$ cat target28.cif   # mmCIF, C-alpha atoms
data_protein
#
loop_
_atom_site.label_atom_id
_atom_site.label_comp_id
_atom_site.auth_asym_id
_atom_site.auth_seq_id
_atom_site.Cartn_x
_atom_site.Cartn_y
_atom_site.Cartn_z
CA MET A 1 0.00 0.00 0.00
CA LEU A 2 2.63 2.45 1.14
CA ALA A 3 4.99 1.28 -1.57
CA ALA A 4 2.29 1.84 -4.17
CA ALA A 5 1.68 5.34 -2.87
CA LEU A 6 5.38 6.13 -2.97
CA GLU A 7 5.52 4.77 -6.49
CA GLY A 8 2.63 7.06 -7.38
CA VAL A 9 4.50 10.04 -6.01
CA ARG A 10 7.63 9.03 -7.88
CA LEU A 11 5.72 8.74 -11.14
CA MET A 12 4.00 12.06 -10.66
CA SER A 13 5.21 14.37 -13.31
CA GLY A 14 6.14 17.92 -12.46
CA LEU A 15 6.51 19.41 -9.01
CA ARG A 16 2.87 19.54 -7.95
CA SER A 17 1.53 17.17 -5.32
CA PRO A 18 -1.63 15.16 -6.06
CA LEU A 19 -3.42 16.96 -3.21
CA GLY A 20 -2.37 20.32 -4.56
CA ARG A 21 -3.55 19.25 -7.98
CA VAL A 22 -7.07 18.19 -6.94
CA ALA A 23 -7.46 21.18 -4.64
CA GLY A 24 -6.44 23.49 -7.47
CA LEU A 25 -3.73 24.97 -5.31
CA GLY A 26 -0.60 24.94 -7.40
CA ALA A 27 0.88 28.39 -7.37
CA GLY A 28 -1.91 29.56 -5.08
CA ARG A 29 -3.73 30.76 -8.18
CA SER A 30 -1.27 33.59 -8.37
CA GLY A 31 0.86 32.01 -11.08
CA VAL A 32 0.13 34.62 -13.72
CA HIS A 33 -0.41 37.49 -11.30
CA HIS A 34 3.06 38.97 -11.79
CA TRP A 35 2.92 38.46 -15.54
CA TRP A 36 -0.53 40.01 -15.83
CA LEU A 37 0.35 43.09 -13.74
CA GLN A 38 3.49 43.60 -15.80
CA ARG A 39 1.35 43.66 -18.97
CA LEU A 40 -1.35 45.83 -17.44
CA THR A 41 1.13 48.43 -16.22
CA SER A 42 3.01 48.40 -19.52
CA ILE A 43 -0.20 49.04 -21.47
CA ALA A 44 -0.95 52.00 -19.20
CA LEU A 45 2.60 53.28 -19.51
CA VAL A 46 2.49 53.55 -23.31
CA PRO A 47 0.25 56.65 -23.37
CA LEU A 48 1.41 57.89 -19.94
CA SER A 49 5.11 57.97 -20.81
CA VAL A 50 4.47 59.61 -24.18
CA TRP A 51 2.30 62.25 -22.50
CA PHE A 52 4.95 62.84 -19.83
CA VAL A 53 7.86 63.33 -22.23
CA VAL A 54 5.88 65.57 -24.59
CA SER A 55 4.42 67.59 -21.71
CA LEU A 56 7.75 68.00 -19.91
CA LEU A 57 9.71 68.92 -23.02
CA SER A 58 7.02 71.41 -24.05
CA LEU A 59 7.55 73.54 -20.95
CA PRO A 60 8.48 77.09 -21.91
CA ALA A 61 11.10 77.31 -19.12
CA LEU A 62 12.42 75.27 -16.23
CA ASP A 63 12.34 77.81 -13.41
CA HIS A 64 10.48 76.99 -10.22
CA ALA A 65 7.40 79.10 -10.96
CA THR A 66 6.85 77.54 -14.38
CA VAL A 67 7.40 73.96 -13.22
CA ALA A 68 5.22 74.43 -10.13
CA ALA A 69 2.42 75.98 -12.21
CA TRP A 70 2.64 73.03 -14.61
CA MET A 71 2.48 70.48 -11.79
CA ALA A 72 -0.45 72.27 -10.18
CA GLN A 73 -2.71 72.03 -13.24
CA GLY A 74 -5.50 69.53 -12.49
CA TRP A 75 -4.90 66.98 -15.21
CA THR A 76 -1.14 67.31 -15.06
CA ALA A 77 -1.19 66.54 -11.34
CA VAL A 78 -3.53 63.57 -11.76
CA LEU A 79 -1.60 62.12 -14.70
CA LEU A 80 1.71 62.66 -12.91
CA ILE A 81 0.44 60.75 -9.87
CA VAL A 82 -0.91 57.92 -12.02
CA LEU A 83 2.35 57.84 -13.98
CA LEU A 84 4.44 57.70 -10.80
CA LEU A 85 2.40 54.90 -9.25
CA VAL A 86 2.17 52.81 -12.41
CA ALA A 87 5.82 53.38 -13.37
CA CYS A 88 7.06 52.46 -9.88
CA TRP A 89 4.91 49.36 -9.90
CA HIS A 90 6.11 48.34 -13.36
CA SER A 91 9.70 49.11 -12.40
CA GLN A 92 9.42 47.06 -9.21
CA LEU A 93 8.04 44.08 -11.12
CA GLY A 94 10.79 44.35 -13.72
CA VAL A 95 13.72 44.86 -11.37
CA ARG A 96 12.41 42.00 -9.23
CA VAL A 97 12.74 39.60 -12.17
CA VAL A 98 16.24 40.85 -12.93
CA VAL A 99 17.26 40.33 -9.29
CA GLU A 100 15.64 36.88 -9.21
CA ASP A 101 17.59 35.95 -12.34
CA TYR A 102 21.01 37.33 -11.57
CA VAL A 103 21.40 37.58 -7.80
CA HIS A 104 22.23 34.19 -6.41
CA GLY A 105 22.33 32.97 -2.84
CA PRO A 106 18.99 32.93 -0.99
CA GLY A 107 20.05 35.46 1.65
CA THR A 108 21.49 38.00 -0.75
CA LYS A 109 18.56 37.56 -3.10
CA LEU A 110 15.97 38.12 -0.38
CA LEU A 111 17.83 41.14 0.98
CA THR A 112 18.14 42.68 -2.48
CA LEU A 113 14.44 42.09 -3.16
CA VAL A 114 13.47 43.71 0.14
CA ILE A 115 15.63 46.75 -0.62
CA VAL A 116 14.24 46.99 -4.16
CA THR A 117 10.66 46.81 -2.92
CA PHE A 118 11.20 49.37 -0.15
CA ALA A 119 13.02 51.75 -2.47
CA HIS A 120 10.21 51.62 -5.01
CA ALA A 121 7.54 52.18 -2.37
CA LEU A 122 9.54 55.11 -1.01
CA ILE A 123 9.93 56.88 -4.35
CA ALA A 124 6.30 56.18 -5.28
CA PHE A 125 5.02 57.83 -2.11
CA ALA A 126 7.58 60.63 -2.21
CA GLY A 127 6.62 61.41 -5.81
CA VAL A 128 2.90 61.44 -5.05
CA PHE A 129 3.50 63.61 -1.97
CA ALA A 130 5.54 66.08 -4.00
CA VAL A 131 2.89 66.42 -6.71
CA LEU A 132 0.08 66.83 -4.17
CA LYS A 133 2.03 69.41 -2.19
CA VAL A 134 2.62 71.50 -5.29
CA ALA A 135 -0.93 70.95 -6.57
CA PHE A 136 -2.42 72.20 -3.30
CA GLY A 137 -0.25 75.29 -3.47
CA ALA A 138 2.00 74.52 -0.50
CA ALA A 139 5.32 74.75 -2.35
CA ARG A 140 6.68 78.26 -2.10
CA MET B 1 17.90 19.87 -1.51
CA ARG B 2 18.72 18.53 -4.94
CA SER B 3 20.13 21.35 -6.97
CA ARG B 4 17.74 22.34 -9.71
CA PRO B 5 18.53 24.28 -12.86
CA LEU B 6 18.37 27.99 -12.17
CA SER B 7 16.82 30.61 -14.39
CA PRO B 8 18.00 32.09 -16.74
CA HIS B 9 18.65 28.82 -18.52
CA LEU B 10 21.10 30.46 -20.86
CA SER B 11 22.74 27.20 -21.86
CA VAL B 12 19.60 25.44 -23.06
CA TYR B 13 18.66 28.07 -25.62
CA ARG B 14 20.24 28.35 -28.97
CA MET B 15 20.21 32.09 -29.16
CA SER B 16 20.92 33.95 -32.29
CA ARG B 17 22.41 37.32 -31.75
CA TYR B 18 19.30 39.39 -32.44
CA THR B 19 17.17 37.58 -29.84
CA LEU B 20 19.89 37.96 -27.24
CA ALA B 21 20.55 41.61 -28.06
CA THR B 22 16.92 42.76 -28.12
CA SER B 23 16.13 40.96 -24.88
CA ILE B 24 19.19 42.09 -22.95
CA PHE B 25 18.85 45.64 -24.19
CA ASN B 26 15.20 45.69 -23.11
CA ARG B 27 16.26 44.70 -19.60
CA LEU B 28 19.14 47.13 -19.50
CA THR B 29 16.99 50.04 -20.63
CA GLY B 30 14.32 48.99 -18.13
CA VAL B 31 16.75 49.03 -15.22
CA GLY B 32 18.14 52.35 -16.48
CA LEU B 33 14.64 53.83 -16.51
CA SER B 34 14.18 52.66 -12.92
CA VAL B 35 17.20 54.77 -12.00
CA GLY B 36 15.57 57.60 -13.96
CA LEU B 37 12.49 57.32 -11.74
CA PHE B 38 14.66 58.09 -8.72
CA VAL B 39 16.05 61.20 -10.41
CA LEU B 40 12.53 62.25 -11.43
CA VAL B 41 11.27 61.96 -7.86
CA TYR B 42 14.29 63.87 -6.54
CA TRP B 43 13.43 66.65 -8.99
CA LEU B 44 9.71 66.61 -8.07
CA MET B 45 10.58 66.71 -4.36
CA SER B 46 12.81 69.70 -4.96
CA VAL B 47 9.93 71.49 -6.69
CA ALA B 48 7.74 70.70 -3.68
CA SER B 49 10.37 72.04 -1.29
CA GLY B 50 10.14 75.57 -2.65
CA ALA B 51 12.06 77.89 -4.95
CA ARG B 52 15.30 77.92 -2.91
CA ALA B 53 15.54 74.14 -2.64
CA TYR B 54 14.66 73.87 -6.32
CA GLU B 55 17.55 76.10 -7.30
CA ARG B 56 19.96 74.06 -5.19
CA ALA B 57 18.73 70.86 -6.83
CA GLN B 58 18.93 72.48 -10.27
CA ARG B 59 22.64 73.12 -9.75
CA VAL B 60 23.19 69.40 -9.16
CA LEU B 61 20.82 68.29 -11.91
CA ALA B 62 22.42 70.61 -14.47
CA LEU B 63 25.82 68.94 -14.13
CA GLY B 64 27.27 67.47 -17.29
CA ILE B 65 26.96 63.92 -16.04
CA PHE B 66 23.23 64.40 -15.48
CA LYS B 67 22.78 65.84 -18.97
CA LEU B 68 24.40 62.67 -20.26
CA LEU B 69 21.98 60.69 -18.10
CA TYR B 70 18.94 62.53 -19.53
CA ALA B 71 20.07 61.75 -23.07
CA ALA B 72 20.59 58.10 -22.10
CA LEU B 73 17.17 57.99 -20.42
CA LEU B 74 15.40 59.37 -23.49
CA ILE B 75 17.14 56.80 -25.68
CA ALA B 76 16.30 54.07 -23.17
CA LEU B 77 12.65 55.16 -23.02
CA CYS B 78 12.31 55.13 -26.81
CA TYR B 79 13.76 51.64 -27.06
CA HIS B 80 11.93 50.21 -24.06
CA LEU B 81 8.63 51.63 -25.33
CA VAL B 82 8.97 50.13 -28.80
CA ALA B 83 10.41 46.81 -27.56
CA GLY B 84 7.64 46.68 -24.96
CA ILE B 85 4.96 47.09 -27.63
CA ARG B 86 6.61 44.18 -29.49
CA HIS B 87 6.22 42.09 -26.34
CA LEU B 88 2.57 43.11 -26.00
CA ILE B 89 1.94 42.01 -29.60
CA TRP B 90 3.64 38.68 -28.84
CA ASP B 91 1.37 38.28 -25.84
CA THR B 92 -1.65 38.21 -28.12
CA GLY B 93 -0.09 35.18 -29.79
CA ARG B 94 0.87 36.99 -32.98
CA ALA B 95 4.16 37.29 -34.85
CA LEU B 96 5.89 34.51 -32.94
CA GLU B 97 7.37 32.74 -35.96
CA ARG B 98 11.11 32.96 -36.23
CA SER B 99 11.10 34.95 -39.47
CA GLN B 100 8.54 37.37 -38.04
CA SER B 101 10.46 37.86 -34.82
CA GLN B 102 13.63 38.48 -36.80
CA ARG B 103 11.83 41.12 -38.83
CA SER B 104 10.21 42.71 -35.75
CA ALA B 105 13.61 42.87 -34.02
CA TRP B 106 14.88 45.04 -36.86
CA LEU B 107 11.65 47.02 -36.86
CA VAL B 108 12.13 47.75 -33.14
CA VAL B 109 15.64 49.04 -33.77
CA VAL B 110 14.60 51.17 -36.77
CA VAL B 111 11.49 52.63 -35.13
CA SER B 112 13.29 53.46 -31.88
CA ILE B 113 16.14 55.14 -33.78
CA MET B 114 13.55 57.17 -35.69
CA LEU B 115 11.88 58.16 -32.40
CA ILE B 116 15.23 59.14 -30.89
CA ALA B 117 16.13 61.18 -33.98
CA GLY B 118 12.74 62.91 -33.91
CA LEU B 119 13.12 63.73 -30.22
CA ALA B 120 16.67 65.01 -30.77
CA CYS B 121 15.53 67.30 -33.60
CA TRP B 122 12.70 68.66 -31.47
CA LEU B 123 14.99 69.20 -28.48
CA LEU B 124 17.71 70.96 -30.46
CA ARG B 125 15.12 73.40 -31.81
CA SER B 126 13.54 74.19 -28.43
CA ARG B 127 14.54 77.32 -26.59
CA VAL B 128 14.80 75.59 -23.22
CA TYR B 129 16.80 72.53 -24.13
CA GLY B 130 18.62 73.62 -27.28
CA SER B 131 22.39 74.18 -27.14
#

$ encode --input "target28.cif" --output "structure tokens"
Amino acid sequence: MLAAALEGVRLMSGLRSPLGRVAGLGAGRSGVHHWWLQRLTSIALVPLSVWFVVSLLSLPALDHATVAAWMAQGWTAVLLIVLLLVACWHSQLGVRVVVEDYVHGPGTKLLTLVIVTFAHALIAFAGVFAVLKVAFGAAR
Amino acid sequence: MRSRPLSPHLSVYRMSRYTLATSIFNRLTGVGLSVGLFVLVYWLMSVASGARAYERAQRVLALGIFKLLYAALLIALCYHLVAGIRHLIWDTGRALERSQSQRSAWLVVVVSIMLIAGLACWLLRSRVYGS
């Protein structure tokens, strides 16, 4: 009985357990989550990045008053915030894969991933804060 | 634990040069743009910190090395954008044949060079960024 069960396990193809297979567990149903978010953010970034470059390079000057007035415009502020959040998310997903591929050693890898994630969260929130502060007229 | 093959399985692929180059360059430009995000947020924070702080930051951000970085970032963005659209087309299941992917690799290079050239022309003509 036990031998037969062990034989069954040995014959099982792939890395999934029979229990995991019948329960539909596998990758916790999150197998394509990373992939899907990477696509979703990249689709959003196509128009957002084009808008950003065109809008930024169209500024008549780069002094504080001009830049602050630009950032304070309603749609500019909203699009900037969306761009920052989506770009940081996309960047985090991308850099994560690069780290997973090229940083070896479980400890180093985990540490690098933690730093990458924290750094992205930090710049995302800092960027949003900066845009909001300027948009609400608090940057003098 | 039994040692398993680790990604990237570079040795199992027979990679022609164009596949390797387009893929690696997409990653490189992506990581470069991540660095660009940090610079962007530093700049936005300096705007939020008021005119004096902005001028201090401007002095740093106007250094030659940063100007080089902006040029590199624009080039990286152009390439990453076009190469990314190629990936999105692949994701719909289209253009995956070898001959098609070979052609699209060249198309990515040509289109991104055209974008970069267009941007450069526009920039050189502008009052703010010209010279």

$ closest_atom_pairs --input "target28.cif" --of "chain A" --to "chain B" --cutoff "8 Å" --atoms "all atoms listed in the file" --output "CSV"
residue,atom,partner,partner_atom,distance
A:Arg39,CA,B:Leu88,CA,7.2
A:Ser42,CA,B:Gly84,CA,7.3
A:Ile43,CA,B:Leu88,CA,8.0
A:Val46,CA,B:Leu81,CA,6.7
A:Leu57,CA,B:Leu123,CA,7.6
A:Leu59,CA,B:Val128,CA,7.9
A:Pro60,CA,B:Val128,CA,6.6
A:Ala61,CA,B:Val128,CA,5.8
A:Leu62,CA,B:Val128,CA,7.4
A:His64,CA,B:Ala51,CA,5.6
A:Ala65,CA,B:Ala51,CA,7.7
A:Val67,CA,B:Val47,CA,7.4
A:Ala68,CA,B:Val47,CA,6.5
A:Ala87,CA,B:Leu37,CA,7.9
A:Cys88,CA,B:Leu37,CA,7.5
A:Ser91,CA,B:Ser34,CA,5.7
A:Gly94,CA,B:Gly30,CA,7.3
A:Val95,CA,B:Val31,CA,6.4
A:Val98,CA,B:Arg27,CA,7.7
A:Asp101,CA,B:Ser7,CA,5.8
A:Tyr102,CA,B:Pro8,CA,8.0
A:Ile123,CA,B:Val41,CA,6.3
A:Ala126,CA,B:Val41,CA,6.9
A:Gly127,CA,B:Val41,CA,5.1
A:Ala130,CA,B:Met45,CA,5.1
A:Val131,CA,B:Leu44,CA,7.0
A:Lys133,CA,B:Ala48,CA,6.0
A:Val134,CA,B:Ala48,CA,5.4
A:Ala138,CA,B:Ala48,CA,7.6
A:Ala139,CA,B:Gly50,CA,4.9
A:Arg140,CA,B:Gly50,CA,4.4

$ atom_distance --input "target28.cif" --atom1 "atom CA of A:Gly74" --atom2 "atom CA of B:Ala62"
28.0 Å

$ atom_distance --input "target28.cif" --atom1 "atom CA of A:Val97" --atom2 "atom CA of A:Val128"
25.0 Å

$ atom_distance --input "target28.cif" --atom1 "atom CA of B:Ala105" --atom2 "atom CA of B:Ile89"
12.5 Å

$ residues_around --input "target28.cif" --residues "B:Val109" --least-positions-apart "3" --cutoff "9 Å" --atoms "all atoms listed in the file" --output "list in words"
Thr22, Tyr79, Val82, Ala83, Ser104, Ala105, Trp106, Ser112, Ile113 and Met114 of chain B

$ resolve_selection --input "target28.cif" --expression "the PyMOL selection byres ((chain A and resi 76) around 12)" --output "ChimeraX atom specification"
/A:48,51-52,54-56,67-75,77-84,131-132,134-135

$ decode --input "target28.cif" --residues "stretch 44-79 of chain B" --atoms "N, CA and C atoms" --output "PDB file, in the first residue's frame"
ATOM      1  N   LEU B  44      11.056  66.232  -8.508  1.00  0.00           N
ATOM      2  CA  LEU B  44       9.707  66.610  -8.071  1.00  0.00           C
ATOM      3  C   LEU B  44       9.716  67.045  -6.609  1.00  0.00           C
ATOM      4  N   MET B  45      10.487  66.338  -5.768  1.00  0.00           N
ATOM      5  CA  MET B  45      10.578  66.705  -4.355  1.00  0.00           C
ATOM      6  C   MET B  45      11.198  68.092  -4.199  1.00  0.00           C
ATOM      7  N   SER B  46      12.174  68.391  -5.069  1.00  0.00           N
ATOM      8  CA  SER B  46      12.813  69.701  -4.961  1.00  0.00           C
ATOM      9  C   SER B  46      11.835  70.805  -5.359  1.00  0.00           C
ATOM     10  N   VAL B  47      10.959  70.512  -6.337  1.00  0.00           N
ATOM     11  CA  VAL B  47       9.927  71.495  -6.692  1.00  0.00           C
ATOM     12  C   VAL B  47       9.022  71.720  -5.489  1.00  0.00           C
ATOM     13  N   ALA B  48       8.655  70.622  -4.817  1.00  0.00           N
ATOM     14  CA  ALA B  48       7.739  70.704  -3.678  1.00  0.00           C
ATOM     15  C   ALA B  48       8.368  71.406  -2.483  1.00  0.00           C
ATOM     16  N   SER B  49       9.709  71.440  -2.446  1.00  0.00           N
ATOM     17  CA  SER B  49      10.365  72.043  -1.286  1.00  0.00           C
ATOM     18  C   SER B  49      10.577  73.552  -1.426  1.00  0.00           C
ATOM     19  N   GLY B  50      10.070  74.126  -2.503  1.00  0.00           N
ATOM     20  CA  GLY B  50      10.143  75.570  -2.649  1.00  0.00           C
ATOM     21  C   GLY B  50      11.236  76.033  -3.578  1.00  0.00           C
ATOM     22  N   ALA B  51      11.184  77.321  -3.921  1.00  0.00           N
ATOM     23  CA  ALA B  51      12.064  77.889  -4.949  1.00  0.00           C
ATOM     24  C   ALA B  51      13.548  77.754  -4.600  1.00  0.00           C
ATOM     25  N   ARG B  52      13.884  77.966  -3.295  1.00  0.00           N
ATOM     26  CA  ARG B  52      15.300  77.921  -2.912  1.00  0.00           C
ATOM     27  C   ARG B  52      15.861  76.514  -3.070  1.00  0.00           C
ATOM     28  N   ALA B  53      15.108  75.540  -2.542  1.00  0.00           N
ATOM     29  CA  ALA B  53      15.540  74.143  -2.636  1.00  0.00           C
ATOM     30  C   ALA B  53      15.622  73.709  -4.100  1.00  0.00           C
ATOM     31  N   TYR B  54      14.683  74.210  -4.910  1.00  0.00           N
ATOM     32  CA  TYR B  54      14.660  73.866  -6.325  1.00  0.00           C
ATOM     33  C   TYR B  54      15.925  74.353  -7.010  1.00  0.00           C
ATOM     34  N   GLU B  55      16.340  75.574  -6.668  1.00  0.00           N
ATOM     35  CA  GLU B  55      17.553  76.103  -7.300  1.00  0.00           C
ATOM     36  C   GLU B  55      18.790  75.306  -6.906  1.00  0.00           C
ATOM     37  N   ARG B  56      18.831  74.903  -5.634  1.00  0.00           N
ATOM     38  CA  ARG B  56      19.956  74.061  -5.191  1.00  0.00           C
ATOM     39  C   ARG B  56      19.981  72.753  -5.977  1.00  0.00           C
ATOM     40  N   ALA B  57      18.805  72.125  -6.114  1.00  0.00           N
ATOM     41  CA  ALA B  57      18.731  70.855  -6.833  1.00  0.00           C
ATOM     42  C   ALA B  57      19.083  71.051  -8.303  1.00  0.00           C
ATOM     43  N   GLN B  58      18.642  72.197  -8.862  1.00  0.00           N
ATOM     44  CA  GLN B  58      18.927  72.480 -10.273  1.00  0.00           C
ATOM     45  C   GLN B  58      20.417  72.503 -10.541  1.00  0.00           C
ATOM     46  N   ARG B  59      21.177  73.055  -9.566  1.00  0.00           N
ATOM     47  CA  ARG B  59      22.636  73.124  -9.752  1.00  0.00           C
ATOM     48  C   ARG B  59      23.232  71.719  -9.888  1.00  0.00           C
ATOM     49  N   VAL B  60      22.701  70.788  -9.077  1.00  0.00           N
ATOM     50  CA  VAL B  60      23.186  69.402  -9.165  1.00  0.00           C
ATOM     51  C   VAL B  60      22.711  68.770 -10.470  1.00  0.00           C
ATOM     52  N   LEU B  61      21.415  68.975 -10.770  1.00  0.00           N
ATOM     53  CA  LEU B  61      20.817  68.285 -11.914  1.00  0.00           C
ATOM     54  C   LEU B  61      21.282  68.858 -13.254  1.00  0.00           C
ATOM     55  N   ALA B  62      21.948  70.016 -13.213  1.00  0.00           N
ATOM     56  CA  ALA B  62      22.420  70.607 -14.469  1.00  0.00           C
ATOM     57  C   ALA B  62      23.865  70.213 -14.761  1.00  0.00           C
ATOM     58  N   LEU B  63      24.450  69.385 -13.895  1.00  0.00           N
ATOM     59  CA  LEU B  63      25.824  68.936 -14.127  1.00  0.00           C
ATOM     60  C   LEU B  63      25.898  68.122 -15.415  1.00  0.00           C
ATOM     61  N   GLY B  64      27.082  68.159 -16.021  1.00  0.00           N
ATOM     62  CA  GLY B  64      27.270  67.466 -17.292  1.00  0.00           C
ATOM     63  C   GLY B  64      26.877  66.001 -17.248  1.00  0.00           C
ATOM     64  N   ILE B  65      27.239  65.356 -16.141  1.00  0.00           N
ATOM     65  CA  ILE B  65      26.955  63.921 -16.043  1.00  0.00           C
ATOM     66  C   ILE B  65      25.456  63.647 -16.047  1.00  0.00           C
ATOM     67  N   PHE B  66      24.674  64.578 -15.468  1.00  0.00           N
ATOM     68  CA  PHE B  66      23.229  64.402 -15.476  1.00  0.00           C
ATOM     69  C   PHE B  66      22.654  64.633 -16.863  1.00  0.00           C
ATOM     70  N   LYS B  67      23.263  65.605 -17.598  1.00  0.00           N
ATOM     71  CA  LYS B  67      22.783  65.835 -18.967  1.00  0.00           C
ATOM     72  C   LYS B  67      22.988  64.585 -19.814  1.00  0.00           C
ATOM     73  N   LEU B  68      24.118  63.932 -19.570  1.00  0.00           N
ATOM     74  CA  LEU B  68      24.397  62.668 -20.257  1.00  0.00           C
ATOM     75  C   LEU B  68      23.335  61.630 -19.883  1.00  0.00           C
ATOM     76  N   LEU B  69      22.990  61.634 -18.584  1.00  0.00           N
ATOM     77  CA  LEU B  69      21.980  60.691 -18.095  1.00  0.00           C
ATOM     78  C   LEU B  69      20.623  60.945 -18.755  1.00  0.00           C
ATOM     79  N   TYR B  70      20.231  62.233 -18.909  1.00  0.00           N
ATOM     80  CA  TYR B  70      18.936  62.530 -19.528  1.00  0.00           C
ATOM     81  C   TYR B  70      18.898  62.034 -20.961  1.00  0.00           C
ATOM     82  N   ALA B  71      20.003  62.234 -21.677  1.00  0.00           N
ATOM     83  CA  ALA B  71      20.072  61.748 -23.066  1.00  0.00           C
ATOM     84  C   ALA B  71      19.924  60.226 -23.082  1.00  0.00           C
ATOM     85  N   ALA B  72      20.653  59.568 -22.164  1.00  0.00           N
ATOM     86  CA  ALA B  72      20.587  58.098 -22.097  1.00  0.00           C
ATOM     87  C   ALA B  72      19.175  57.638 -21.740  1.00  0.00           C
ATOM     88  N   LEU B  73      18.514  58.378 -20.840  1.00  0.00           N
ATOM     89  CA  LEU B  73      17.172  57.992 -20.422  1.00  0.00           C
ATOM     90  C   LEU B  73      16.167  58.117 -21.559  1.00  0.00           C
ATOM     91  N   LEU B  74      16.321  59.197 -22.359  1.00  0.00           N
ATOM     92  CA  LEU B  74      15.404  59.373 -23.489  1.00  0.00           C
ATOM     93  C   LEU B  74      15.590  58.251 -24.510  1.00  0.00           C
ATOM     94  N   ILE B  75      16.854  57.904 -24.758  1.00  0.00           N
ATOM     95  CA  ILE B  75      17.140  56.802 -25.678  1.00  0.00           C
ATOM     96  C   ILE B  75      16.564  55.501 -25.117  1.00  0.00           C
ATOM     97  N   ALA B  76      16.793  55.286 -23.816  1.00  0.00           N
ATOM     98  CA  ALA B  76      16.296  54.067 -23.166  1.00  0.00           C
ATOM     99  C   ALA B  76      14.777  53.997 -23.237  1.00  0.00           C
ATOM    100  N   LEU B  77      14.113  55.139 -22.998  1.00  0.00           N
ATOM    101  CA  LEU B  77      12.651  55.155 -23.023  1.00  0.00           C
ATOM    102  C   LEU B  77      12.137  54.816 -24.414  1.00  0.00           C
ATOM    103  N   CYS B  78      12.741  55.411 -25.433  1.00  0.00           N
ATOM    104  CA  CYS B  78      12.312  55.133 -26.810  1.00  0.00           C
ATOM    105  C   CYS B  78      12.421  53.642 -27.101  1.00  0.00           C
ATOM    106  N   TYR B  79      13.563  53.058 -26.768  1.00  0.00           N
ATOM    107  CA  TYR B  79      13.760  51.638 -27.064  1.00  0.00           C
ATOM    108  C   TYR B  79      12.811  50.761 -26.247  1.00  0.00           C
TER     109      TYR B  79
END
